[in-house]
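upload18.cif (mmCIF, C-alpha atoms and all ligand atoms) appears below.
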```cif
data_query
loop_
_atom_site.label_atom_id
_atom_site.label_comp_id
_atom_site.auth_asym_id
_atom_site.auth_seq_id
_atom_site.Cartn_x
_atom_site.Cartn_y
_atom_site.Cartn_z
CA MET X 225 -63.15 3.55 50.04
CA LYS X 226 -62.74 -0.17 50.47
CA GLU X 227 -64.52 -0.85 47.19
CA LYS X 228 -62.47 1.76 45.46
CA LEU X 229 -59.27 0.12 46.70
CA GLU X 230 -60.52 -3.26 45.53
CA ALA X 231 -61.31 -1.81 42.09
CA ILE X 232 -57.89 -0.24 41.75
CA LYS X 233 -56.21 -3.47 42.80
CA ASN X 234 -58.11 -5.54 40.25
CA ALA X 235 -57.58 -3.10 37.44
CA ALA X 236 -53.88 -2.97 38.24
CA LYS X 237 -53.53 -6.76 38.33
CA GLU X 238 -55.22 -7.08 34.99
CA ALA X 239 -53.14 -4.36 33.38
CA VAL X 240 -49.91 -5.87 34.71
CA SER X 241 -50.62 -9.33 33.43
CA ALA X 242 -51.49 -7.88 30.01
CA ALA X 243 -48.38 -5.72 29.75
CA PHE X 244 -46.13 -6.86 26.93
CA ASP X 245 -42.93 -4.87 27.27
CA GLU X 246 -40.70 -3.27 29.86
CA LYS X 247 -41.75 0.24 28.97
CA GLU X 248 -45.39 -0.52 29.58
CA ILE X 249 -44.68 -2.11 32.96
CA GLU X 250 -42.74 0.96 34.01
CA GLU X 251 -45.69 3.15 33.07
CA LEU X 252 -47.97 0.99 35.22
CA ARG X 253 -45.58 1.26 38.16
CA VAL X 254 -45.82 5.06 37.94
CA LYS X 255 -49.58 4.98 37.45
CA TYR X 256 -50.31 2.92 40.57
CA LEU X 257 -47.36 3.21 42.91
CA GLY X 258 -45.80 6.54 41.96
CA LYS X 259 -45.96 9.72 44.02
CA LYS X 260 -49.01 10.84 42.09
CA GLY X 261 -50.22 7.27 41.67
CA GLU X 262 -53.68 5.96 42.44
CA LEU X 263 -52.75 4.08 45.64
CA THR X 264 -50.93 7.11 47.00
CA ALA X 265 -54.04 9.17 46.27
CA ILE X 266 -56.11 6.83 48.46
CA LEU X 267 -53.64 7.17 51.33
CA LYS X 268 -54.05 10.92 51.10
CA GLN X 269 -57.79 10.62 51.56
CA MET X 270 -57.38 8.75 54.87
CA GLY X 271 -57.88 11.97 56.82
CA SER X 272 -61.61 11.80 56.20
CA LEU X 273 -61.93 8.42 57.96
CA SER X 274 -62.80 7.87 61.59
CA PRO X 275 -59.91 7.10 64.01
CA GLU X 276 -61.04 3.43 64.28
CA GLU X 277 -61.23 2.88 60.58
CA ARG X 278 -57.95 4.60 59.78
CA PRO X 279 -55.46 1.87 60.86
CA LYS X 280 -57.51 -0.89 59.22
CA MET X 281 -57.72 0.99 55.98
CA GLY X 282 -54.05 1.91 56.20
CA GLN X 283 -53.08 -1.71 56.56
CA MET X 284 -55.21 -2.70 53.57
CA VAL X 285 -53.69 -0.04 51.36
CA ASN X 286 -50.17 -1.05 52.40
CA GLU X 287 -50.92 -4.69 51.72
CA ALA X 288 -52.28 -3.84 48.31
CA LYS X 289 -49.19 -1.76 47.64
CA ALA X 290 -46.89 -4.64 48.63
CA GLN X 291 -48.82 -7.07 46.47
CA LEU X 292 -48.70 -4.81 43.46
CA GLU X 293 -45.00 -4.14 43.95
CA GLU X 294 -44.27 -7.83 43.93
CA LEU X 295 -46.46 -8.43 40.90
CA ILE X 296 -44.91 -5.63 38.91
CA GLY X 297 -41.39 -6.73 39.87
CA LYS X 298 -42.09 -10.29 38.77
CA LYS X 299 -43.64 -9.24 35.50
CA ALA X 300 -40.78 -6.82 34.78
CA LYS X 301 -38.25 -9.62 35.26
CA GLU X 302 -40.20 -11.93 32.98
CA LEU X 303 -40.43 -9.33 30.25
CA LYS X 304 -36.73 -8.57 30.55
CA ASN X 305 -35.77 -12.23 30.19
CA ALA X 306 -38.04 -12.61 27.19
CA ALA X 307 -36.46 -9.56 25.54
CA THR X 308 -32.95 -10.92 26.10
CA GLU X 309 -33.91 -14.24 24.66
CA LEU X 310 -35.33 -12.59 21.57
CA LYS X 311 -32.20 -10.53 21.10
CA LEU X 312 -29.94 -13.57 21.41
CA LYS X 313 -32.01 -15.43 18.88
CA ALA X 314 -31.73 -12.57 16.42
CA GLU X 315 -27.97 -12.43 16.85
CA THR X 316 -27.29 -16.12 16.28
CA ILE X 317 -24.39 -16.67 13.89
CA ASP X 318 -24.80 -19.31 11.25
CA ILE X 319 -21.36 -20.86 11.12
CA THR X 320 -22.26 -22.89 8.08
CA MET X 321 -22.57 -19.74 5.92
CA PRO X 322 -19.74 -19.36 3.36
CA ALA X 323 -17.03 -16.93 4.56
CA LYS X 324 -16.48 -13.55 2.92
CA VAL X 325 -13.17 -13.66 1.03
CA LYS X 326 -10.80 -10.89 2.09
CA LYS X 327 -8.74 -9.58 -0.81
CA VAL X 328 -5.14 -8.95 0.10
CA GLY X 329 -3.09 -6.54 -2.01
CA LYS X 330 -0.01 -7.75 -3.86
CA LEU X 331 3.22 -6.26 -5.07
CA HIS X 332 3.21 -4.88 -8.61
CA PRO X 333 5.42 -7.09 -10.84
CA LEU X 334 7.79 -4.14 -11.32
CA ASN X 335 8.28 -3.94 -7.56
CA THR X 336 8.84 -7.70 -7.24
CA VAL X 337 11.63 -7.59 -9.82
CA LEU X 338 13.05 -4.37 -8.36
CA ASN X 339 13.14 -5.91 -4.87
CA ASP X 340 15.04 -8.92 -6.25
CA MET X 341 17.54 -6.60 -7.91
CA ILE X 342 18.00 -4.55 -4.76
CA ASP X 343 18.68 -7.78 -2.82
CA ILE X 344 21.34 -8.84 -5.33
CA PHE X 345 23.16 -5.50 -5.33
CA GLN X 346 22.89 -5.06 -1.58
CA SER X 347 24.52 -8.47 -1.13
CA MET X 348 27.44 -7.10 -3.20
CA GLY X 349 27.74 -4.09 -0.88
CA PHE X 350 25.79 -1.45 -2.80
CA ASP X 351 23.76 1.25 -1.02
CA VAL X 352 20.32 2.19 -2.38
CA LEU X 353 19.77 5.90 -3.04
CA ASP X 354 16.91 8.01 -4.30
CA GLY X 355 17.01 10.99 -6.66
CA PRO X 356 14.50 13.64 -7.78
CA GLU X 357 12.31 12.98 -10.84
CA VAL X 358 12.27 16.68 -11.71
CA GLU X 359 15.88 17.49 -12.53
CA THR X 360 17.89 20.44 -13.78
CA ASP X 361 19.64 20.44 -17.15
CA HIS X 362 22.87 20.61 -15.13
CA TYR X 363 22.45 17.18 -13.49
CA ASN X 364 20.65 15.39 -16.31
CA PHE X 365 23.00 16.56 -19.12
CA GLU X 366 25.74 19.14 -18.43
CA CYS X 367 27.66 17.27 -15.72
CA LEU X 368 27.22 14.03 -17.64
CA ASN X 369 29.43 15.42 -20.38
CA VAL X 370 26.51 16.49 -22.59
CA PRO X 371 26.79 20.26 -23.26
CA ALA X 372 23.89 22.21 -24.74
CA ASP X 373 24.73 21.70 -28.42
CA HIS X 374 25.86 18.09 -28.09
CA PRO X 375 24.25 15.76 -30.64
CA ALA X 376 23.83 13.10 -27.94
CA ARG X 377 20.88 15.12 -26.61
CA ASP X 378 18.92 13.84 -29.61
CA MET X 379 19.27 10.29 -28.24
CA GLN X 380 16.76 11.14 -25.55
CA ASP X 381 13.62 13.15 -26.30
CA THR X 382 13.20 15.30 -23.26
CA PHE X 383 10.11 16.68 -21.50
CA TYR X 384 11.14 20.21 -20.55
CA LEU X 385 9.35 22.00 -17.71
CA GLY X 386 11.14 25.32 -18.39
CA THR X 387 14.48 26.37 -19.80
CA ASN X 388 16.41 24.62 -17.06
CA LEU X 389 13.97 22.18 -15.47
CA LEU X 390 13.07 18.84 -17.00
CA LEU X 391 11.75 15.38 -16.16
CA ARG X 392 14.88 13.26 -15.86
CA THR X 393 15.51 11.18 -18.97
CA GLN X 394 17.89 8.83 -17.17
CA THR X 395 18.75 7.89 -13.60
CA SER X 396 22.36 8.78 -14.50
CA ALA X 397 21.58 12.20 -13.01
CA ALA X 398 21.84 10.43 -9.65
CA GLN X 399 25.50 9.60 -10.38
CA ILE X 400 26.38 13.28 -10.16
CA ARG X 401 24.31 13.90 -7.03
CA THR X 402 26.01 10.92 -5.41
CA MET X 403 29.55 12.00 -6.27
CA GLU X 404 28.81 15.52 -5.02
CA THR X 405 27.81 14.27 -1.59
CA ARG X 406 29.92 11.12 -1.10
CA LYS X 407 33.65 10.53 -1.20
CA PRO X 408 35.10 7.37 -2.80
CA PRO X 409 34.89 4.47 -2.24
CA ILE X 410 31.36 4.78 -3.70
CA ARG X 411 29.09 1.81 -4.39
CA VAL X 412 25.44 2.77 -4.96
CA ILE X 413 22.39 1.91 -6.99
CA CYS X 414 19.61 4.39 -7.66
CA PRO X 415 16.30 2.97 -8.94
CA GLY X 416 13.59 5.26 -10.24
CA ARG X 417 11.21 6.47 -12.91
CA VAL X 418 12.52 8.21 -16.01
CA PHE X 419 10.66 10.08 -18.74
CA ARG X 420 11.08 10.45 -22.48
CA ALA X 421 8.76 11.92 -25.11
CA ASP X 422 8.35 8.55 -26.84
CA GLU X 423 5.41 7.43 -28.91
CA VAL X 424 3.43 4.84 -26.86
CA ASP X 425 3.39 1.30 -28.26
CA ALA X 426 3.86 -2.30 -27.09
CA THR X 427 7.56 -1.73 -26.29
CA HIS X 428 7.70 2.03 -25.60
CA SER X 429 6.27 4.16 -22.83
CA PRO X 430 6.96 7.81 -21.97
CA VAL X 431 7.48 6.66 -18.37
CA PHE X 432 9.73 3.74 -17.58
CA HIS X 433 12.20 2.62 -14.93
CA GLN X 434 15.95 2.38 -14.63
CA ILE X 435 18.34 1.21 -11.97
CA GLU X 436 21.51 3.24 -12.07
CA GLY X 437 24.68 1.76 -10.63
CA LEU X 438 27.87 3.59 -9.76
CA VAL X 439 31.19 2.40 -8.36
CA VAL X 440 34.14 4.74 -7.83
CA ASP X 441 37.37 3.79 -6.10
CA LYS X 442 41.11 3.49 -6.69
CA GLY X 443 41.99 0.89 -9.32
CA ILE X 444 38.49 0.10 -10.62
CA THR X 445 38.69 -1.46 -14.11
CA MET X 446 36.42 -2.85 -16.80
CA CYS X 447 36.99 -6.28 -15.20
CA ASP X 448 35.13 -5.15 -12.09
CA LEU X 449 32.25 -3.95 -14.23
CA LYS X 450 32.13 -7.31 -16.03
CA GLY X 451 32.31 -9.26 -12.78
CA VAL X 452 29.49 -7.34 -11.12
CA LEU X 453 27.19 -7.51 -14.15
CA GLU X 454 27.86 -11.22 -14.75
CA GLN X 455 27.12 -11.99 -11.13
CA PHE X 456 23.93 -9.93 -11.35
CA ALA X 457 22.80 -11.67 -14.57
CA ARG X 458 23.41 -15.14 -13.12
CA GLU X 459 21.48 -14.36 -9.98
CA ILE X 460 18.50 -12.85 -11.76
CA TYR X 461 18.32 -15.25 -14.77
CA GLY X 462 19.96 -18.43 -13.48
CA PRO X 463 23.52 -19.83 -13.20
CA ASP X 464 23.88 -20.77 -16.90
CA THR X 465 23.20 -17.26 -18.15
CA LYS X 466 25.87 -15.86 -20.47
CA VAL X 467 26.62 -12.15 -20.78
CA LYS X 468 27.74 -10.36 -23.95
CA PHE X 469 29.37 -6.92 -24.02
CA ARG X 470 28.94 -4.93 -27.23
CA PRO X 471 30.85 -1.68 -27.84
CA SER X 472 28.55 1.31 -27.68
CA PHE X 473 28.52 5.02 -26.98
CA PHE X 474 27.38 7.12 -24.03
CA PRO X 475 28.80 10.62 -23.53
CA PHE X 476 29.44 10.00 -19.82
CA THR X 477 31.28 6.67 -20.08
CA GLU X 478 34.44 5.74 -22.00
CA PRO X 479 34.65 3.01 -23.11
CA SER X 480 30.92 2.32 -23.27
CA VAL X 481 29.12 -0.97 -23.74
CA GLU X 482 25.66 -2.37 -24.17
CA VAL X 483 25.08 -5.64 -22.38
CA ASP X 484 23.01 -8.58 -23.59
CA VAL X 485 22.16 -11.75 -21.68
CA THR X 486 21.20 -15.14 -23.10
CA CYS X 487 17.44 -15.27 -23.53
CA SER X 488 15.93 -16.80 -20.40
CA GLU X 489 13.05 -18.21 -22.45
CA CYS X 490 14.98 -20.29 -25.02
CA GLY X 491 18.43 -20.44 -23.37
CA GLY X 492 20.03 -18.81 -26.43
CA LYS X 493 18.53 -20.91 -29.24
CA GLY X 494 16.30 -18.14 -30.50
CA CYS X 495 12.58 -17.67 -29.87
CA ARG X 496 9.78 -15.11 -30.00
CA VAL X 497 10.85 -13.35 -26.80
CA CYS X 498 14.38 -12.62 -28.14
CA LYS X 499 13.13 -12.23 -31.73
CA GLY X 500 15.23 -15.18 -32.83
CA SER X 501 18.61 -13.76 -31.77
CA GLY X 502 19.05 -15.75 -28.55
CA TRP X 503 20.05 -12.54 -26.72
CA ILE X 504 18.19 -9.84 -24.78
CA GLU X 505 19.63 -6.38 -24.27
CA ILE X 506 19.21 -5.32 -20.65
CA LEU X 507 21.50 -2.40 -19.94
CA GLY X 508 24.01 0.26 -20.93
CA ALA X 509 27.27 0.69 -19.03
CA GLY X 510 30.87 1.85 -19.16
CA MET X 511 33.82 3.34 -17.34
CA VAL X 512 32.93 6.74 -15.89
CA HIS X 513 34.31 9.44 -18.24
CA PRO X 514 37.19 11.46 -16.69
CA ASN X 515 35.26 14.68 -17.46
CA VAL X 516 32.36 13.45 -15.29
CA LEU X 517 34.67 12.62 -12.38
CA LYS X 518 36.29 16.07 -12.76
CA SER X 519 32.94 17.88 -12.81
CA CYS X 520 32.23 16.31 -9.40
CA GLY X 521 35.60 17.23 -7.93
CA ILE X 522 37.07 13.70 -8.11
CA ASP X 523 40.61 13.42 -9.51
CA PRO X 524 40.51 11.02 -12.50
CA ASP X 525 44.26 10.39 -12.14
CA VAL X 526 43.66 8.88 -8.68
CA TYR X 527 40.19 7.37 -8.98
CA SER X 528 38.30 5.45 -11.63
CA GLY X 529 34.85 3.97 -11.74
CA PHE X 530 32.12 2.27 -13.70
CA ALA X 531 28.44 2.98 -14.15
CA PHE X 532 25.50 1.07 -15.54
CA GLY X 533 21.82 1.73 -16.22
CA ILE X 534 19.50 -1.29 -16.21
CA GLY X 535 16.05 -1.17 -17.78
CA LEU X 536 13.63 -2.53 -15.18
CA ASP X 537 10.61 -2.72 -17.49
CA ARG X 538 12.33 -4.98 -20.05
CA LEU X 539 13.53 -7.28 -17.27
CA THR X 540 10.00 -7.53 -15.92
CA THR X 541 8.26 -8.15 -19.25
CA THR X 542 10.74 -10.90 -20.20
CA ARG X 543 10.57 -12.58 -16.80
CA TYR X 544 6.77 -12.78 -16.80
CA LYS X 545 6.37 -13.07 -20.61
CA ILE X 546 4.31 -9.87 -20.72
CA SER X 547 3.81 -9.03 -24.37
CA ASP X 548 2.87 -5.36 -24.00
CA ILE X 549 4.67 -2.85 -21.76
CA ARG X 550 1.48 -0.79 -21.47
CA LEU X 551 0.00 -3.48 -19.22
CA LEU X 552 2.52 -2.45 -16.55
CA PHE X 553 1.04 1.04 -16.36
CA GLU X 554 -2.68 0.55 -16.88
CA ASN X 555 -3.35 -0.88 -13.40
CA ASP X 556 -5.97 -3.27 -14.68
CA LYS X 557 -6.79 -5.44 -11.66
CA ARG X 558 -7.47 -8.50 -13.82
CA PHE X 559 -3.88 -8.25 -15.07
CA LEU X 560 -2.28 -7.45 -11.71
CA ASP X 561 -4.15 -10.27 -9.91
CA GLN X 562 -2.15 -12.79 -11.94
CA PHE X 563 1.11 -12.10 -10.08
N1 LIG X 601 21.75 6.43 -18.96
C1 LIG X 601 21.94 5.51 -20.04
C2 LIG X 601 20.62 5.38 -20.80
O1 LIG X 601 19.60 5.79 -20.30
C3 LIG X 601 22.38 4.16 -19.57
C4 LIG X 601 23.75 4.19 -18.94
C5 LIG X 601 23.90 4.35 -17.59
C6 LIG X 601 24.89 4.02 -19.73
C7 LIG X 601 25.14 4.37 -17.01
C8 LIG X 601 26.12 4.05 -19.16
C9 LIG X 601 26.26 4.21 -17.81
O2 LIG X 601 20.57 4.91 -21.91
#
```
Rewrite the structure of this file - the entire thing - as structure tokens.
Ligand code: PHE
Amino acid sequence: MKEKLEAIKNAAKEAVSAAFDEKEIEELRVKYLGKKGELTAILKQMGSLSPEERPKMGQMVNEAKAQLEELIGKKAKELKNAATELKLKAETIDITMPAKVKKVGKLHPLNTVLNDMIDIFQSMGFDVLDGPEVETDHYNFECLNVPADHPARDMQDTFYLGTNLLLRTQTSAAQIRTMETRKPPIRVICPGRVFRADEVDATHSPVFHQIEGLVVDKGITMCDLKGVLEQFAREIYGPDTKVKFRPSFFPFTEPSVEVDVTCSECGGKGCRVCKGSGWIEILGAGMVHPNVLKSCGIDPDVYSGFAFGIGLDRLTTTRYKISDIRLLFENDKRFLDQF
């Protein structure tokens, strides 16, 4: 039995020193020291020994057990440290490596210009409102003084979604919705997308953007319209900008005007951007037609107002010298990254 114990001890020592990972050492612990382990098996055989031999043998087995326990514990610790070291080495960060560039999104140029415009009008006391893109004939035409057989309907090629539903051709529809829900004094702008069945080319798109403006109060005159638009033009194009009002026609304003500003590129001398004229047309406007006020339940003998519709796309292409309006809608990242 003594020899057997010696043999087990030696085999165990050898196996432990050869173990190369924590799993293996755990297996050895079970093999030798576990409940069904080899040393435990020897203890169980002690019954066959004589009473004198028993305590001696018992002591030897216990000593062997203690030795092995210590050995295994030491080896397990060593292996654990080695594993940690290896892991740390593998996780080292090379701070000299070039950093990964994080791409941050940017505002679309249309939004940049729109935000500037909103700032300008808000500083003059205008509220910003939203309106639906799918409109009824009633809001887009009827209430704006354009009955069904009116020739002015030909000015705007409409996408119809049914007999009464359409994609709004102008943000002017928002004028009516505003006057139906608000009482004068009214001072609002309503930016948004509008739709017309236009042929696509460098200056035309079936989807574009307008900013509608509406002011209604007692004693509002054409002077107020001029003042607001001049102030707007100076803020967006610079203090030397001149504004020109040309007589025009819109069914929902009387009198109506189209408004040009001095070309921001050449200062009015004439260049490619303004096609040599020195002026750029940026909006349509006028005094709200009495019929429109009436259709919204506002008494035209007490109140008056003005309205304007600014083309956002034209403003954006001239500011950034974008030669083709289609670029604004194609979402080509190479183009958008330039802003
Ligand atoms: N809605 C007109 C257009 O799309 C512009 C406009 C707005 C004119 C408000 C007068 C008043 O052409």
Neighbour list for segment 321-335 of chain X as a ChimeraX atom specification, cut-off 10 Å, only C-alpha atoms, skip fewer than 2 positions in-chain: /X:317-319,337-341,433,536-541,543-544,552-553,555,560-563
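Across the structure, atom CA of Asp548 of chain X and atom CA of Lys466 of chain X are spaced 25.5 Å apart.
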Just how far from atom CA of Glu436 of chain X is atom CA of Gln399 of chain X, in Å to one decimal? 7.7 Å
Do you know which residues are within 9 Å of ligand LIG 601 (chain X) using all atoms listed in the file? Can you write them as a ChimeraX atom specification? /X:379-380,393-397,399,418,434-438,473-478,480-482,507-512,530-535
Which polymer residues have any atom within 12 Å of an atom of Cys498 of chain X, counting all atoms listed in the file, with same-chain residues fewer than 4 positions away left out, as a ChimeraX atom specification? /X:484-494,502-506,538,541-543,545,547
Can you tell me which residues surround Lys268 of chain X at a distance of at most 12 Å, considering all atoms listed in the file, apart from same-chain residues fewer than 2 positions away, and format the answer as a PDB file with C-alpha atoms, keeping the file's coordinate frame?
```
ATOM      1  CA  MET X 225     -63.150   3.550  50.040  1.00  0.00           C
ATOM      2  CA  LYS X 259     -45.960   9.720  44.020  1.00  0.00           C
ATOM      3  CA  LYS X 260     -49.010  10.840  42.090  1.00  0.00           C
ATOM      4  CA  GLY X 261     -50.220   7.270  41.670  1.00  0.00           C
ATOM      5  CA  GLU X 262     -53.680   5.960  42.440  1.00  0.00           C
ATOM      6  CA  LEU X 263     -52.750   4.080  45.640  1.00  0.00           C
ATOM      7  CA  THR X 264     -50.930   7.110  47.000  1.00  0.00           C
ATOM      8  CA  ALA X 265     -54.040   9.170  46.270  1.00  0.00           C
ATOM      9  CA  ILE X 266     -56.110   6.830  48.460  1.00  0.00           C
ATOM     10  CA  MET X 270     -57.380   8.750  54.870  1.00  0.00           C
ATOM     11  CA  GLY X 271     -57.880  11.970  56.820  1.00  0.00           C
ATOM     12  CA  SER X 272     -61.610  11.800  56.200  1.00  0.00           C
ATOM     13  CA  LEU X 273     -61.930   8.420  57.960  1.00  0.00           C
ATOM     14  CA  ARG X 278     -57.950   4.600  59.780  1.00  0.00           C
ATOM     15  CA  MET X 281     -57.720   0.990  55.980  1.00  0.00           C
ATOM     16  CA  GLY X 282     -54.050   1.910  56.200  1.00  0.00           C
ATOM     17  CA  VAL X 285     -53.690  -0.040  51.360  1.00  0.00           C
TER      18      VAL X 285
END
```
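Neighbours of Val452 of chain X closer than or equal to 12 Å, with only C-alpha atoms counted and sequence neighbours fewer than 3 positions away skipped, come out as X:Ile344, X:Phe345, X:Gln346, X:Ser347, X:Met348, X:Gly349, X:Phe350, X:Arg411, X:Gly437, X:Leu438, X:Val439, X:Ile444, X:Thr445, X:Met446, X:Cys447, X:Asp448, X:Leu449, X:Gln455, X:Phe456, X:Ala457, X:Arg458, X:Glu459, X:Val467, X:Ala509, X:Phe530, X:Ala531, X:Phe532.
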Any idea what the distance is between atom CA of Gly416 of chain X and atom CA of Val352 of chain X?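 Between atom CA of Gly416 of chain X and atom CA of Val352 of chain X the gap is 10.8 Å.
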Counting all atoms listed in the file, the residue among X:Lys228, X:His513, X:Arg420, X:His428 that lies closest to Arg550 of chain X is X:His428
List the spatial neighbours of Glu248 of chain X as a PDB file with C-alpha atoms, in the coordinates of the input - criterion: any atom at most 12 Å away, only C-alpha atoms, same-chain residues fewer than 3 positions off excluded.
```
ATOM      1  CA  ALA X 239     -53.140  -4.360  33.380  1.00  0.00           C
ATOM      2  CA  VAL X 240     -49.910  -5.870  34.710  1.00  0.00           C
ATOM      3  CA  SER X 241     -50.620  -9.330  33.430  1.00  0.00           C
ATOM      4  CA  ALA X 242     -51.490  -7.880  30.010  1.00  0.00           C
ATOM      5  CA  ALA X 243     -48.380  -5.720  29.750  1.00  0.00           C
ATOM      6  CA  PHE X 244     -46.130  -6.860  26.930  1.00  0.00           C
ATOM      7  CA  ASP X 245     -42.930  -4.870  27.270  1.00  0.00           C
ATOM      8  CA  GLU X 251     -45.690   3.150  33.070  1.00  0.00           C
ATOM      9  CA  LEU X 252     -47.970   0.990  35.220  1.00  0.00           C
ATOM     10  CA  ARG X 253     -45.580   1.260  38.160  1.00  0.00           C
ATOM     11  CA  VAL X 254     -45.820   5.060  37.940  1.00  0.00           C
ATOM     12  CA  LYS X 255     -49.580   4.980  37.450  1.00  0.00           C
ATOM     13  CA  ILE X 296     -44.910  -5.630  38.910  1.00  0.00           C
ATOM     14  CA  LYS X 299     -43.640  -9.240  35.500  1.00  0.00           C
ATOM     15  CA  ALA X 300     -40.780  -6.820  34.780  1.00  0.00           C
ATOM     16  CA  LEU X 303     -40.430  -9.330  30.250  1.00  0.00           C
ATOM     17  CA  LYS X 304     -36.730  -8.570  30.550  1.00  0.00           C
TER      18      LYS X 304
END
```
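Nearest residue to Thr308 of chain X among X:Glu423, X:Glu294, X:Glu454, X:Glu246 is X:Glu246, counting only C-alpha atoms.
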Generate N, CA and C atoms for segment 415-434 of chain X and emit them as a short mmCIF file (atom, residue, chain, number, x, y, z; two decimals), keeping the file's coordinate frame.
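Contents of part_11.cif, freshly written:
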```cif
data_model
loop_
_atom_site.label_atom_id
_atom_site.label_comp_id
_atom_site.auth_asym_id
_atom_site.auth_seq_id
_atom_site.Cartn_x
_atom_site.Cartn_y
_atom_site.Cartn_z
N PRO X 415 17.43 3.33 -8.09
CA PRO X 415 16.30 2.97 -8.94
C PRO X 415 15.31 4.13 -9.04
N GLY X 416 14.61 4.21 -10.17
CA GLY X 416 13.59 5.26 -10.24
C GLY X 416 12.93 5.36 -11.60
N ARG X 417 11.93 6.26 -11.65
CA ARG X 417 11.21 6.47 -12.91
C ARG X 417 11.98 7.46 -13.77
N VAL X 418 11.95 7.25 -15.08
CA VAL X 418 12.52 8.21 -16.01
C VAL X 418 11.50 8.48 -17.11
N PHE X 419 11.70 9.60 -17.82
CA PHE X 419 10.66 10.08 -18.74
C PHE X 419 11.26 10.48 -20.08
N ARG X 420 10.65 10.02 -21.15
CA ARG X 420 11.08 10.45 -22.48
C ARG X 420 9.86 10.61 -23.38
N ALA X 421 9.91 11.63 -24.24
CA ALA X 421 8.76 11.92 -25.11
C ALA X 421 8.68 10.89 -26.23
N ASP X 422 8.44 9.64 -25.86
CA ASP X 422 8.35 8.55 -26.84
C ASP X 422 6.91 8.32 -27.24
N GLU X 423 6.73 7.86 -28.46
CA GLU X 423 5.41 7.43 -28.91
C GLU X 423 5.06 6.15 -28.13
N VAL X 424 3.81 6.03 -27.63
CA VAL X 424 3.43 4.84 -26.86
C VAL X 424 3.14 3.67 -27.80
N ASP X 425 3.78 2.53 -27.56
CA ASP X 425 3.39 1.30 -28.26
C ASP X 425 3.73 0.10 -27.36
N ALA X 426 3.71 -1.10 -27.92
CA ALA X 426 3.86 -2.30 -27.09
C ALA X 426 5.21 -2.35 -26.37
N THR X 427 6.24 -1.67 -26.93
CA THR X 427 7.56 -1.73 -26.29
C THR X 427 8.05 -0.37 -25.82
N HIS X 428 7.27 0.69 -26.02
CA HIS X 428 7.70 2.03 -25.60
C HIS X 428 6.66 2.70 -24.72
N SER X 429 7.16 3.40 -23.69
CA SER X 429 6.27 4.16 -22.83
C SER X 429 7.00 5.45 -22.45
N PRO X 430 6.29 6.56 -22.35
CA PRO X 430 6.96 7.81 -21.97
C PRO X 430 7.46 7.79 -20.52
N VAL X 431 6.97 6.84 -19.74
CA VAL X 431 7.48 6.66 -18.37
C VAL X 431 8.00 5.24 -18.27
N PHE X 432 9.22 5.09 -17.83
CA PHE X 432 9.73 3.74 -17.58
C PHE X 432 10.72 3.80 -16.42
N HIS X 433 11.38 2.68 -16.15
CA HIS X 433 12.20 2.62 -14.93
C HIS X 433 13.62 2.17 -15.21
N GLN X 434 14.55 2.80 -14.53
CA GLN X 434 15.95 2.38 -14.63
C GLN X 434 16.52 2.14 -13.23
#
```
